[in-house]
file start_29.txt (compact mmCIF, C-alpha atoms and all ligand atoms)
# COMPACT_ATOMS: atom_id res chain seq x y z
CA MET A 29 -18.61 4.73 -10.68
CA ILE A 30 -17.38 7.23 -8.12
CA ILE A 31 -15.72 10.54 -8.84
CA TYR A 32 -12.24 9.16 -8.09
CA ASP A 33 -12.69 6.48 -10.75
CA LEU A 34 -12.49 9.15 -13.45
CA ASP A 35 -9.21 9.85 -15.11
CA PHE A 36 -8.76 13.31 -16.56
CA SER A 37 -9.68 12.40 -20.12
CA THR A 38 -12.87 10.58 -19.07
CA LEU A 39 -13.82 13.59 -17.00
CA THR A 40 -13.25 15.86 -19.98
CA ASN A 41 -15.34 13.62 -22.25
CA THR A 42 -18.12 13.52 -19.71
CA LEU A 43 -18.23 17.31 -19.53
CA GLU A 44 -18.32 17.52 -23.32
CA LYS A 45 -21.24 15.13 -23.34
CA TRP A 46 -22.99 17.36 -20.82
CA ASN A 47 -22.29 20.38 -23.06
CA GLU A 48 -20.14 21.98 -20.44
CA PRO A 49 -16.99 23.90 -21.33
CA VAL A 50 -13.96 21.65 -21.06
CA TYR A 51 -12.07 24.05 -18.79
CA ARG A 52 -14.44 22.88 -16.09
CA ALA A 53 -12.54 19.60 -16.07
CA LYS A 54 -9.47 21.37 -14.81
CA GLN A 55 -11.45 23.15 -12.11
CA ILE A 56 -12.96 19.90 -10.93
CA TRP A 57 -9.59 18.16 -10.98
CA GLN A 58 -8.00 20.93 -8.92
CA GLY A 59 -10.89 20.91 -6.48
CA LEU A 60 -10.60 17.16 -5.99
CA TYR A 61 -6.86 16.71 -5.87
CA GLN A 62 -5.39 20.06 -4.82
CA HIS A 63 -8.05 21.60 -2.58
CA LEU A 64 -9.16 18.14 -1.47
CA TYR A 65 -12.87 18.96 -1.57
CA ASP A 66 -14.94 16.07 -0.32
CA SER A 67 -18.36 17.04 -1.59
CA SER A 68 -19.77 18.76 -4.64
CA ASP A 69 -21.06 21.69 -2.53
CA GLN A 70 -17.52 22.81 -1.98
CA PHE A 71 -17.00 23.55 -5.67
CA THR A 72 -18.21 27.12 -5.36
CA ASN A 73 -16.46 28.03 -8.61
CA LEU A 74 -18.86 25.80 -10.56
CA PRO A 75 -22.42 26.65 -11.53
CA LYS A 76 -24.97 25.04 -9.24
CA SER A 77 -26.44 22.97 -12.07
CA LEU A 78 -23.06 21.37 -12.76
CA ARG A 79 -22.48 20.68 -9.07
CA GLU A 80 -25.81 18.90 -8.97
CA LYS A 81 -25.03 16.89 -12.08
CA LEU A 82 -21.71 15.83 -10.59
CA ALA A 83 -23.30 14.77 -7.33
CA GLU A 84 -26.03 12.80 -9.13
CA ASN A 85 -23.67 10.93 -11.40
CA PHE A 86 -20.55 10.42 -9.36
CA PRO A 87 -20.72 9.86 -5.61
CA PHE A 88 -17.73 11.41 -3.83
CA SER A 89 -17.13 8.97 -1.05
CA PRO A 90 -17.74 5.31 -1.78
CA PHE A 91 -17.33 4.46 1.87
CA LYS A 92 -19.30 4.26 5.01
CA ILE A 93 -16.88 4.67 7.90
CA ARG A 94 -17.71 1.64 9.99
CA THR A 95 -15.24 2.48 12.70
CA TYR A 96 -11.76 3.64 13.37
CA LEU A 97 -9.25 2.72 16.03
CA ASP A 98 -6.23 4.57 17.34
CA SER A 99 -3.29 2.71 18.81
CA ALA A 100 -2.57 3.39 22.47
CA ASP A 101 0.48 5.49 21.57
CA GLY A 102 -1.69 7.61 19.28
CA PHE A 103 0.54 7.17 16.27
CA THR A 104 -1.42 4.68 14.24
CA ARG A 105 -5.01 4.91 13.08
CA LYS A 106 -6.86 2.12 11.37
CA THR A 107 -10.11 2.90 9.57
CA LEU A 108 -12.61 0.28 8.55
CA PHE A 109 -14.55 1.25 5.42
CA GLU A 110 -17.70 -0.40 4.19
CA LEU A 111 -18.11 -0.47 0.41
CA PRO A 112 -21.55 -0.08 -1.17
CA ASP A 113 -21.77 -3.84 -1.75
CA GLY A 114 -21.08 -4.53 1.93
CA ASN A 115 -17.45 -5.59 1.57
CA LEU A 116 -15.10 -4.25 4.20
CA ILE A 117 -11.62 -2.89 3.66
CA GLU A 118 -9.08 -1.24 5.92
CA ALA A 119 -6.51 1.49 5.53
CA VAL A 120 -3.96 2.54 8.10
CA LEU A 121 -2.24 5.84 8.82
CA MET A 122 1.13 5.64 10.55
CA ARG A 123 2.81 8.67 11.97
CA TYR A 124 6.55 8.39 12.34
CA GLY A 125 9.07 10.72 13.89
CA ASP A 126 12.70 10.97 13.00
CA PRO A 127 15.41 9.83 13.55
CA ALA A 128 14.88 6.51 15.29
CA ASP A 129 11.36 5.71 14.13
CA ASN A 130 10.58 5.54 17.77
CA PRO A 131 7.71 7.87 18.49
CA GLN A 132 7.81 7.46 22.23
CA ILE A 133 11.24 9.00 22.30
CA THR A 134 11.34 11.33 19.36
CA ALA A 135 7.92 12.81 18.97
CA SER A 136 4.63 13.58 20.57
CA PRO A 137 1.35 12.44 19.04
CA THR A 138 0.93 15.86 17.50
CA GLY A 139 4.24 15.35 15.81
CA ARG A 140 5.85 18.43 17.28
CA GLY A 141 9.60 18.44 17.19
CA ALA A 142 9.83 15.52 14.85
CA LYS A 143 10.63 15.31 11.21
CA ASN A 144 7.36 13.75 10.37
CA ARG A 145 6.42 11.00 8.10
CA ARG A 146 2.78 10.28 7.46
CA THR A 147 2.63 6.91 5.81
CA LEU A 148 -0.60 5.43 4.50
CA CYS A 149 -1.01 1.72 4.08
CA ILE A 150 -3.87 1.11 1.65
CA SER A 151 -5.78 -1.87 0.28
CA THR A 152 -6.10 -2.97 -3.34
CA GLN A 153 -8.61 -5.80 -2.88
CA ALA A 154 -11.27 -6.87 -0.42
CA GLY A 155 -9.67 -10.07 0.87
CA CYS A 156 -6.93 -11.83 -1.03
CA ALA A 157 -6.72 -14.92 -3.21
CA MET A 158 -3.11 -15.79 -2.41
CA GLY A 159 -3.72 -17.65 0.82
CA CYS A 160 -0.47 -17.01 2.69
CA VAL A 161 -1.09 -18.94 5.89
CA PHE A 162 0.30 -16.31 8.28
CA CYS A 163 -1.80 -13.43 6.91
CA ALA A 164 -5.24 -12.48 8.20
CA THR A 165 -6.28 -11.17 4.78
CA GLY A 166 -5.23 -14.44 3.18
CA GLN A 167 -7.15 -16.35 5.84
CA MET A 168 -10.41 -14.59 4.87
CA GLY A 169 -10.14 -15.43 1.16
CA PHE A 170 -10.81 -13.31 -1.90
CA LYS A 171 -13.89 -11.08 -2.10
CA ARG A 172 -13.22 -8.75 -5.02
CA HIS A 173 -10.85 -6.31 -6.71
CA LEU A 174 -11.12 -2.67 -5.74
CA THR A 175 -11.68 -0.17 -8.53
CA SER A 176 -9.00 2.44 -9.10
CA GLY A 177 -11.34 5.01 -7.54
CA GLU A 178 -11.76 2.93 -4.40
CA ILE A 179 -7.98 2.76 -4.06
CA VAL A 180 -7.63 6.52 -4.62
CA ALA A 181 -10.50 7.25 -2.22
CA GLN A 182 -8.62 5.70 0.72
CA VAL A 183 -5.81 8.17 0.13
CA MET A 184 -8.17 11.11 -0.26
CA TYR A 185 -9.95 10.21 2.96
CA TYR A 186 -6.76 10.48 4.98
CA ALA A 187 -5.38 13.41 2.95
CA GLN A 188 -8.54 15.39 3.77
CA MET A 189 -8.26 14.45 7.42
CA LEU A 190 -4.59 15.44 7.64
CA LYS A 191 -5.25 18.70 5.81
CA ASP A 192 -7.54 19.78 8.64
CA VAL A 193 -4.52 19.71 10.97
CA ASN A 194 -2.14 21.22 8.38
CA GLU A 195 -0.44 17.95 7.66
CA SER A 196 -0.10 15.87 4.53
CA VAL A 197 0.57 12.35 3.39
CA THR A 198 4.28 11.75 2.78
CA ASN A 199 4.39 8.07 1.78
CA ILE A 200 1.93 5.54 0.42
CA VAL A 201 2.48 1.81 0.72
CA LEU A 202 0.28 -0.67 -1.11
CA MET A 203 0.56 -3.19 1.68
CA GLY A 204 -2.96 -3.28 3.04
CA MET A 205 -5.49 -5.93 2.13
CA GLY A 206 -5.00 -7.71 -1.15
CA GLU A 207 -2.35 -8.47 -3.74
CA PRO A 208 -1.74 -5.35 -5.85
CA PHE A 209 -0.29 -7.29 -8.81
CA HIS A 210 -3.41 -9.48 -8.94
CA ASN A 211 -5.31 -6.22 -9.55
CA TYR A 212 -2.61 -4.72 -11.70
CA ASP A 213 -4.48 -2.33 -13.98
CA ASN A 214 -6.62 -0.73 -11.31
CA THR A 215 -3.64 -0.38 -9.00
CA MET A 216 -1.51 1.31 -11.66
CA SER A 217 -4.26 3.64 -12.73
CA ALA A 218 -4.80 4.65 -9.10
CA ILE A 219 -1.07 5.40 -8.82
CA ASP A 220 -1.12 7.35 -12.08
CA ARG A 221 -4.07 9.41 -10.91
CA LEU A 222 -2.41 10.25 -7.60
CA ASN A 223 0.86 10.95 -9.37
CA ASP A 224 -0.61 13.48 -11.83
CA PRO A 225 1.37 16.76 -11.52
CA ASP A 226 -1.80 18.74 -12.29
CA GLY A 227 -3.65 16.93 -9.54
CA PHE A 228 -2.53 15.33 -6.30
CA ASN A 229 1.06 15.36 -7.54
CA PHE A 230 2.26 12.56 -5.30
CA GLY A 231 5.77 11.58 -6.38
CA ALA A 232 6.23 8.08 -7.78
CA ARG A 233 9.20 7.47 -5.51
CA ARG A 234 7.04 7.94 -2.46
CA PHE A 235 4.93 4.89 -3.33
CA THR A 236 5.90 1.34 -2.45
CA ILE A 237 4.14 -1.66 -3.94
CA SER A 238 4.45 -4.93 -2.14
CA THR A 239 3.79 -8.15 -4.03
CA VAL A 240 3.65 -11.79 -3.08
CA GLY A 241 5.84 -12.37 -6.15
CA LEU A 242 3.69 -12.70 -9.28
CA VAL A 243 6.41 -13.17 -11.86
CA PRO A 244 4.77 -11.93 -15.09
CA GLN A 245 3.61 -8.77 -13.35
CA ILE A 246 7.05 -8.12 -11.85
CA ARG A 247 8.44 -8.28 -15.38
CA ARG A 248 5.70 -6.05 -16.74
CA PHE A 249 6.32 -3.57 -13.95
CA ALA A 250 10.04 -3.62 -14.78
CA ASP A 251 9.31 -2.96 -18.46
CA GLU A 252 7.16 0.02 -17.55
CA LYS A 253 10.20 1.48 -15.78
CA ARG A 254 8.17 3.10 -13.08
CA GLN A 255 9.92 4.98 -10.30
CA VAL A 256 7.65 3.36 -7.72
CA ASN A 257 9.49 1.27 -5.09
CA LEU A 258 9.03 -2.46 -5.26
CA ALA A 259 8.96 -4.87 -2.33
CA ILE A 260 8.72 -8.64 -2.66
CA SER A 261 7.32 -10.85 0.09
CA LEU A 262 9.82 -13.66 0.09
CA HIS A 263 9.68 -15.14 3.63
CA ALA A 264 11.56 -18.31 2.62
CA ALA A 265 14.65 -19.04 0.58
CA ASP A 266 13.78 -22.55 -0.47
CA ASP A 267 10.83 -23.87 -2.51
CA ALA A 268 9.61 -26.47 -0.03
CA GLU A 269 9.78 -24.05 2.88
CA ARG A 270 8.08 -21.29 0.93
CA LEU A 271 5.35 -23.57 -0.36
CA ALA A 272 4.53 -24.60 3.20
CA ILE A 273 3.50 -21.04 4.06
CA MET A 274 2.77 -19.45 0.66
CA PRO A 275 0.63 -21.41 -1.84
CA VAL A 276 1.71 -19.02 -4.63
CA ASN A 277 5.03 -20.86 -4.66
CA LYS A 278 3.27 -23.66 -6.53
CA ARG A 279 3.07 -21.36 -9.55
CA TYR A 280 6.20 -19.28 -9.12
CA LYS A 281 9.30 -20.85 -7.67
CA VAL A 282 11.86 -18.92 -5.65
CA ASP A 283 14.28 -18.98 -8.61
CA ASP A 284 11.64 -17.59 -10.96
CA VAL A 285 10.86 -14.80 -8.52
CA LEU A 286 14.53 -13.95 -8.05
CA ASP A 287 15.15 -14.00 -11.82
CA ALA A 288 12.29 -11.55 -12.27
CA CYS A 289 13.82 -9.41 -9.51
CA ARG A 290 17.17 -9.38 -11.29
CA TYR A 291 15.36 -8.35 -14.45
CA TYR A 292 13.64 -5.53 -12.52
CA VAL A 293 16.95 -4.24 -11.17
CA ALA A 294 18.55 -4.47 -14.62
CA GLN A 295 15.68 -2.58 -16.25
CA THR A 296 15.28 0.13 -13.65
CA GLY A 297 18.55 0.37 -11.75
CA ARG A 298 16.43 0.45 -8.63
CA ARG A 299 17.04 -1.45 -5.43
CA ILE A 300 14.48 -4.04 -4.50
CA THR A 301 13.22 -4.77 -0.99
CA PHE A 302 12.59 -8.29 0.27
CA GLU A 303 10.13 -8.65 3.08
CA TRP A 304 10.65 -11.34 5.61
CA ALA A 305 8.18 -12.03 8.42
CA LEU A 306 10.35 -13.71 11.06
CA ILE A 307 8.56 -16.79 12.37
CA ASN A 308 10.12 -18.53 15.33
CA GLY A 309 11.82 -21.77 14.35
CA ILE A 310 10.44 -21.65 10.81
CA ASN A 311 12.42 -19.10 8.82
CA ASP A 312 14.68 -17.43 11.38
CA THR A 313 17.52 -19.91 11.89
CA PRO A 314 21.16 -19.15 11.06
CA GLU A 315 21.02 -21.80 8.30
CA VAL A 316 18.09 -20.05 6.65
CA ALA A 317 19.85 -16.69 6.94
CA LYS A 318 22.92 -18.12 5.22
CA ARG A 319 20.87 -19.70 2.46
CA LEU A 320 19.03 -16.44 1.91
CA ALA A 321 22.29 -14.51 1.77
CA SER A 322 23.71 -16.82 -0.85
CA ARG A 323 20.59 -16.59 -3.01
CA LEU A 324 20.51 -12.81 -2.87
CA LYS A 325 24.19 -12.38 -3.57
CA GLY A 326 24.89 -9.85 -6.30
CA LEU A 327 21.34 -8.52 -6.36
CA LEU A 328 20.80 -4.83 -5.59
CA CYS A 329 18.53 -5.34 -2.62
CA HIS A 330 17.71 -4.87 0.98
CA VAL A 331 15.94 -7.19 3.41
CA ASN A 332 13.17 -5.85 5.59
CA ALA A 333 12.65 -8.29 8.43
CA ILE A 334 9.63 -7.97 10.68
CA PRO A 335 8.80 -10.25 13.57
CA LEU A 336 5.55 -12.05 12.71
CA ASN A 337 2.39 -10.30 13.83
CA PRO A 338 -0.18 -12.58 15.45
CA THR A 339 -3.31 -13.62 13.53
CA THR A 340 -6.09 -15.90 14.69
CA GLY A 341 -5.71 -18.44 11.89
CA TYR A 342 -2.02 -19.24 12.34
CA ASP A 343 -0.18 -20.42 15.39
CA GLY A 344 3.37 -19.49 14.38
CA ARG A 345 5.10 -17.21 16.84
CA ALA A 346 7.22 -14.12 16.37
CA THR A 347 10.98 -14.38 16.50
CA ASP A 348 12.40 -12.69 19.58
CA ARG A 349 14.71 -9.73 19.44
CA ASN A 350 17.97 -11.66 19.91
CA ARG A 351 17.26 -14.16 17.18
CA ALA A 352 16.13 -11.36 14.87
CA VAL A 353 19.37 -9.49 15.44
CA ALA A 354 21.40 -12.66 14.81
CA PHE A 355 19.50 -13.16 11.53
CA LYS A 356 20.23 -9.61 10.48
CA GLU A 357 23.91 -9.93 11.34
CA ILE A 358 24.39 -13.01 9.19
CA LEU A 359 22.87 -11.20 6.23
CA GLU A 360 24.94 -8.10 6.79
CA GLN A 361 28.16 -10.04 7.14
CA ALA A 362 27.37 -11.48 3.73
CA GLY A 363 26.92 -7.97 2.35
CA ILE A 364 23.11 -7.92 2.28
CA PRO A 365 21.70 -4.87 4.07
CA CYS A 366 18.95 -5.75 6.50
CA THR A 367 16.71 -3.76 8.81
CA ILE A 368 14.39 -5.05 11.48
CA ARG A 369 11.18 -3.16 11.09
CA MET A 370 9.34 -1.79 14.06
CA ARG A 371 6.00 -3.37 14.72
CA ARG A 372 3.26 -0.78 14.48
CA GLY A 373 -0.34 -0.74 15.55
CA ILE A 374 -0.32 -4.28 16.92
CA ASP A 375 -2.71 -3.37 19.74
CA ILE A 376 -5.37 -2.42 17.16
CA GLN A 377 -4.66 -5.28 14.74
CA ALA A 378 -3.27 -2.79 12.23
CA GLY A 379 0.10 -4.43 11.77
CA CYS A 380 1.27 -6.12 8.57
CA GLY A 381 -0.91 -9.10 7.79
CA GLN A 382 -3.47 -8.31 10.46
CA LEU A 383 -6.06 -6.60 8.28
CA ALA A 384 -9.16 -8.70 7.84
CA GLY A 385 -12.08 -6.32 7.81
CA GLY A 386 -12.91 -7.09 11.40
CA VAL A 387 -12.21 -4.60 14.14
N1 LIG A 401 -0.17 -8.85 -0.88
C1 LIG A 401 1.01 -8.09 -0.76
C2 LIG A 401 0.85 -6.85 0.07
C3 LIG A 401 0.06 -6.93 1.34
S1 LIG A 401 0.77 -7.74 2.71
C4 LIG A 401 2.15 -8.93 -0.27
O1 LIG A 401 1.92 -10.02 0.22
O2 LIG A 401 3.29 -8.50 -0.41
C5 LIG A 401 2.06 -6.67 3.28
C6 LIG A 401 3.23 -7.42 3.93
O3 LIG A 401 2.86 -7.99 5.19
C7 LIG A 401 3.74 -8.57 3.08
O4 LIG A 401 5.14 -8.59 3.06
C8 LIG A 401 3.22 -9.77 3.86
O5 LIG A 401 3.94 -10.93 3.56
C9 LIG A 401 3.38 -9.30 5.26
N2 LIG A 401 2.61 -10.07 6.25
C10 LIG A 401 1.49 -10.76 6.05
N3 LIG A 401 1.08 -11.33 7.21
C11 LIG A 401 1.98 -10.97 8.15
C12 LIG A 401 2.10 -11.23 9.54
N4 LIG A 401 1.21 -11.96 10.20
N5 LIG A 401 3.15 -10.68 10.20
C13 LIG A 401 4.05 -9.92 9.56
N6 LIG A 401 3.99 -9.63 8.24
C14 LIG A 401 2.97 -10.16 7.54
FE1 LIG A 402 -2.44 -11.78 0.17
FE2 LIG A 402 -0.19 -10.48 0.77
FE3 LIG A 402 -1.70 -11.60 2.70
FE4 LIG A 402 -0.32 -13.14 1.03
S1 LIG A 402 0.52 -11.69 2.52
S2 LIG A 402 -2.45 -13.45 1.63
S3 LIG A 402 -0.48 -11.99 -0.85
S4 LIG A 402 -2.28 -9.92 1.37
call {"tool": "encode", "arguments": {"input": "start_29.txt", "output": "structure tokens"}}
result
Amino acid sequence: MIIYDLDFSTLTNTLEKWNEPVYRAKQIWQGLYQHLYDSSDQFTNLPKSLREKLAENFPFSPFKIRTYLDSADGFTRKTLFELPDGNLIEAVLMRYGDPADNPQITASPTGRGAKNRRTLCISTQAGCAMGCVFCATGQMGFKRHLTSGEIVAQVMYYAQMLKDVNESVTNIVLMGMGEPFHNYDNTMSAIDRLNDPDGFNFGARRFTISTVGLVPQIRRFADEKRQVNLAISLHAADDAERLAIMPVNKRYKVDDVLDACRYYVAQTGRRITFEWALINGINDTPEVAKRLASRLKGLLCHVNAIPLNPTTGYDGRATDRNRAVAFKEILEQAGIPCTIRMRRGIDIQAGCGQLAGGV
């Protein structure tokens, strides 16, 4: 267990067991999540003996930094972490400037002059069991679930790094390696820990969870009425077409997924995002756009289309700009808002679906 695996009550119990005053829990929590200390030596407000006990029992960083890569434009950094058992995971920092999300025009790599977003894309599993054919993580298969602390630690790593340049994380997307709803409990406890107002205090609305569409978990998530944003990877509007690229469709049909989405909107009043990787000739035709529009009719939603990023295990190609715009226009004419997302970090294999623990 690492230090970030502890929730506040477990930390308090541990201190009681060690015969330490419980107010130390608060000091440790503040050190970890407000001052962003990254080693026990930094807790100068604690007695040395307690610092040593902490260090002996709970390692601070679970990761070896294998390598990191910066995109040529300097706006995206991908870090490859090695876990103690040798598994590799990746987490990506994306710097965005306002208003056009186009850093070349609106901002410099230091972010000067831009209204800055610092978005982290973090992993919830090493590998993934869902097997989507177009996704590098799916292509590598499932290794294991991450603990809540390993999920939190990715955020703390970047938060500490940004703090050194007087910046901070503004958004967290659970869109790195793995399927967050397949590791539901650890993912939610990581979010709760980061959300704690007495700790890191990261607002629920600044998180986005992306799921392949695990129906029972979508319903559970809806019942919990969390303020966290939800995105669903749909990519096809028809069972046969979806099954051809996403094996999960064997278990959960498009209708089941959309019913669960309607339930989510009814329970929370929140808009849902559908993700759509545009693959040339596969899911980007006007017919598909029309079918999608009719299936989404009446649902409080938004479609996030992104031209497919290349991966070694799949030979589908990205939709070109004109076809992507035509797709978007059909949806919008039918009253479904759609944005075409900018591709980020492609030169360092840090784009959506390109994370595979390689370099
Ligand atoms: N497992 C979750 C979250 C991680 S993937 C999920 O599938 O939703 C994050 C997003 O990237 C998903 O929408 C996924 O479908 C998409 N994606 C995967 N491979 C991609 C690729 N090669 N190009 C573009 N998007 C891709
Ligand atoms: Fe897993 Fe998401 Fe990749 Fe599918 S797209 S294989 S669910 S990480």
call {"tool": "residues_near_ligand", "arguments": {"input": "start_29.txt", "ligand": "ligand LIG 402 (chain A)", "cutoff": "6 Å", "atoms": "only C-alpha atoms and all ligand atoms", "output": "PyMOL selection string"}}
result
chain A and resi 156+158-160+163+165-166+205-207+240+381
call {"tool": "closest_atom_pairs", "arguments": {"input": "start_29.txt", "of": "chain A", "to": "ligand LIG 401 (chain A)", "cutoff": "9 Å", "atoms": "only C-alpha atoms and all ligand atoms", "output": "CSV"}}
result
residue,atom,partner,partner_atom,distance
A:Cys149,CA,A:LIG401,C5,9.0
A:Ile150,CA,A:LIG401,C3,9.0
A:Ser151,CA,A:LIG401,C3,7.8
A:Thr152,CA,A:LIG401,C2,8.7
A:Cys156,CA,A:LIG401,N1,7.4
A:Met158,CA,A:LIG401,N1,7.7
A:Cys160,CA,A:LIG401,C10,7.4
A:Val161,CA,A:LIG401,N3,8.0
A:Phe162,CA,A:LIG401,N4,4.8
A:Cys163,CA,A:LIG401,N3,3.6
A:Ala164,CA,A:LIG401,N3,6.5
A:Thr165,CA,A:LIG401,N3,7.8
A:Gly166,CA,A:LIG401,N3,8.1
A:Val201,CA,A:LIG401,C2,8.8
A:Leu202,CA,A:LIG401,C2,6.3
A:Met203,CA,A:LIG401,C3,3.8
A:Gly204,CA,A:LIG401,C3,5.0
A:Met205,CA,A:LIG401,C3,5.7
A:Gly206,CA,A:LIG401,N1,5.0
A:Glu207,CA,A:LIG401,N1,3.6
A:Pro208,CA,A:LIG401,N1,6.3
A:Phe209,CA,A:LIG401,N1,8.1
A:His210,CA,A:LIG401,N1,8.7
A:Ile237,CA,A:LIG401,C2,7.3
A:Ser238,CA,A:LIG401,O2,4.1
A:Thr239,CA,A:LIG401,O2,3.7
A:Val240,CA,A:LIG401,O1,4.1
A:Gly241,CA,A:LIG401,O2,7.4
A:Ala259,CA,A:LIG401,O2,7.0
A:Ile260,CA,A:LIG401,O2,5.9
A:Ser261,CA,A:LIG401,O4,4.3
A:Leu262,CA,A:LIG401,O5,7.4
A:His263,CA,A:LIG401,O5,7.1
A:Phe302,CA,A:LIG401,O4,8.0
A:Glu303,CA,A:LIG401,O4,5.0
A:Trp304,CA,A:LIG401,O4,6.7
A:Ala305,CA,A:LIG401,C13,4.8
A:Leu306,CA,A:LIG401,C13,7.5
A:Ile307,CA,A:LIG401,N5,8.4
A:Asn332,CA,A:LIG401,O4,8.9
A:Ala333,CA,A:LIG401,N6,8.8
A:Ile334,CA,A:LIG401,C13,6.0
A:Pro335,CA,A:LIG401,C13,6.2
A:Leu336,CA,A:LIG401,N5,3.7
A:Asn337,CA,A:LIG401,N5,3.7
A:Pro338,CA,A:LIG401,N4,5.5
A:Thr339,CA,A:LIG401,N4,5.9
A:Tyr342,CA,A:LIG401,N4,8.2
A:Gly344,CA,A:LIG401,N4,8.9
A:Ala346,CA,A:LIG401,N5,8.2
A:Arg371,CA,A:LIG401,C13,8.6
A:Gly379,CA,A:LIG401,C13,7.1
A:Cys380,CA,A:LIG401,O3,4.2
A:Gly381,CA,A:LIG401,N3,3.0
A:Gln382,CA,A:LIG401,N4,5.9
A:Leu383,CA,A:LIG401,N3,8.6
call {"tool": "closest_residue", "arguments": {"input": "start_29.txt", "among": "A:Gly231, A:Gly341, A:Pro90, A:Pro225", "to": "Ile117 (chain A)", "atoms": "all atoms listed in the file"}}
result
A:Pro90
call {"tool": "closest_residue", "arguments": {"input": "start_29.txt", "among": "A:Gln255, A:Ser68, A:Asn85, A:Thr104", "to": "Thr296 (chain A)", "atoms": "all atoms listed in the file"}}
result
A:Gln255
call {"tool": "atom_distance", "arguments": {"input": "start_29.txt", "atom1": "CA of Ile273 (chain A)", "atom2": "CA of Asn308 (chain A)"}}
result
13.3 Å
call {"tool": "atom_distance", "arguments": {"input": "start_29.txt", "atom1": "CA of Leu327 (chain A)", "atom2": "CA of Ile358 (chain A)"}}
result
16.5 Å
call {"tool": "residues_around", "arguments": {"input": "start_29.txt", "residues": "Phe91 (chain A)", "least_positions_apart": "6", "cutoff": "6 Å", "atoms": "all atoms listed in the file", "output": "number ranges by chain"}}
result
A: 109-111
call {"tool": "write_last_selection", "arguments": {"input": "start_29.txt", "atoms": "C-alpha atoms", "output": "tab-separated table (two decimals), in the coordinates of the input"}}
result
chain	number	residue	atom	x	y	z
A	109	PHE	CA	-14.55	1.25	5.42
A	110	GLU	CA	-17.70	-0.40	4.19
A	111	LEU	CA	-18.11	-0.47	0.41
call {"tool": "atom_distance", "arguments": {"input": "start_29.txt", "atom1": "CA of Asp267 (chain A)", "atom2": "CA of Ala352 (chain A)"}}
result
22.1 Å
call {"tool": "residues_around", "arguments": {"input": "start_29.txt", "residues": "Asn214 (chain A)", "least_positions_apart": "4", "cutoff": "7 Å", "atoms": "only C-alpha atoms", "output": "short mmCIF file (atom, residue, chain, number, x, y, z; two decimals) with C-alpha atoms, in the coordinates of the input"}}
result
data_model
loop_
_atom_site.label_atom_id
_atom_site.label_comp_id
_atom_site.auth_asym_id
_atom_site.auth_seq_id
_atom_site.Cartn_x
_atom_site.Cartn_y
_atom_site.Cartn_z
CA THR A 175 -11.68 -0.17 -8.53
CA SER A 176 -9.00 2.44 -9.10
CA ALA A 218 -4.80 4.65 -9.10
#
call {"tool": "closest_residue", "arguments": {"input": "start_29.txt", "among": "A:Ser196, A:Asp312, A:Leu242, A:Ile179", "to": "Ser217 (chain A)", "atoms": "only C-alpha atoms"}}
result
A:Ile179
call {"tool": "closest_residue", "arguments": {"input": "start_29.txt", "among": "A:Tyr186, A:Phe88, A:Tyr65, A:Tyr96", "to": "Arg123 (chain A)", "atoms": "only C-alpha atoms"}}
result
A:Tyr186
call {"tool": "closest_residue", "arguments": {"input": "start_29.txt", "among": "A:Ile93, A:Ala321, A:Ala232, A:Ile30", "to": "Leu108 (chain A)", "atoms": "all atoms listed in the file"}}
result
A:Ile93
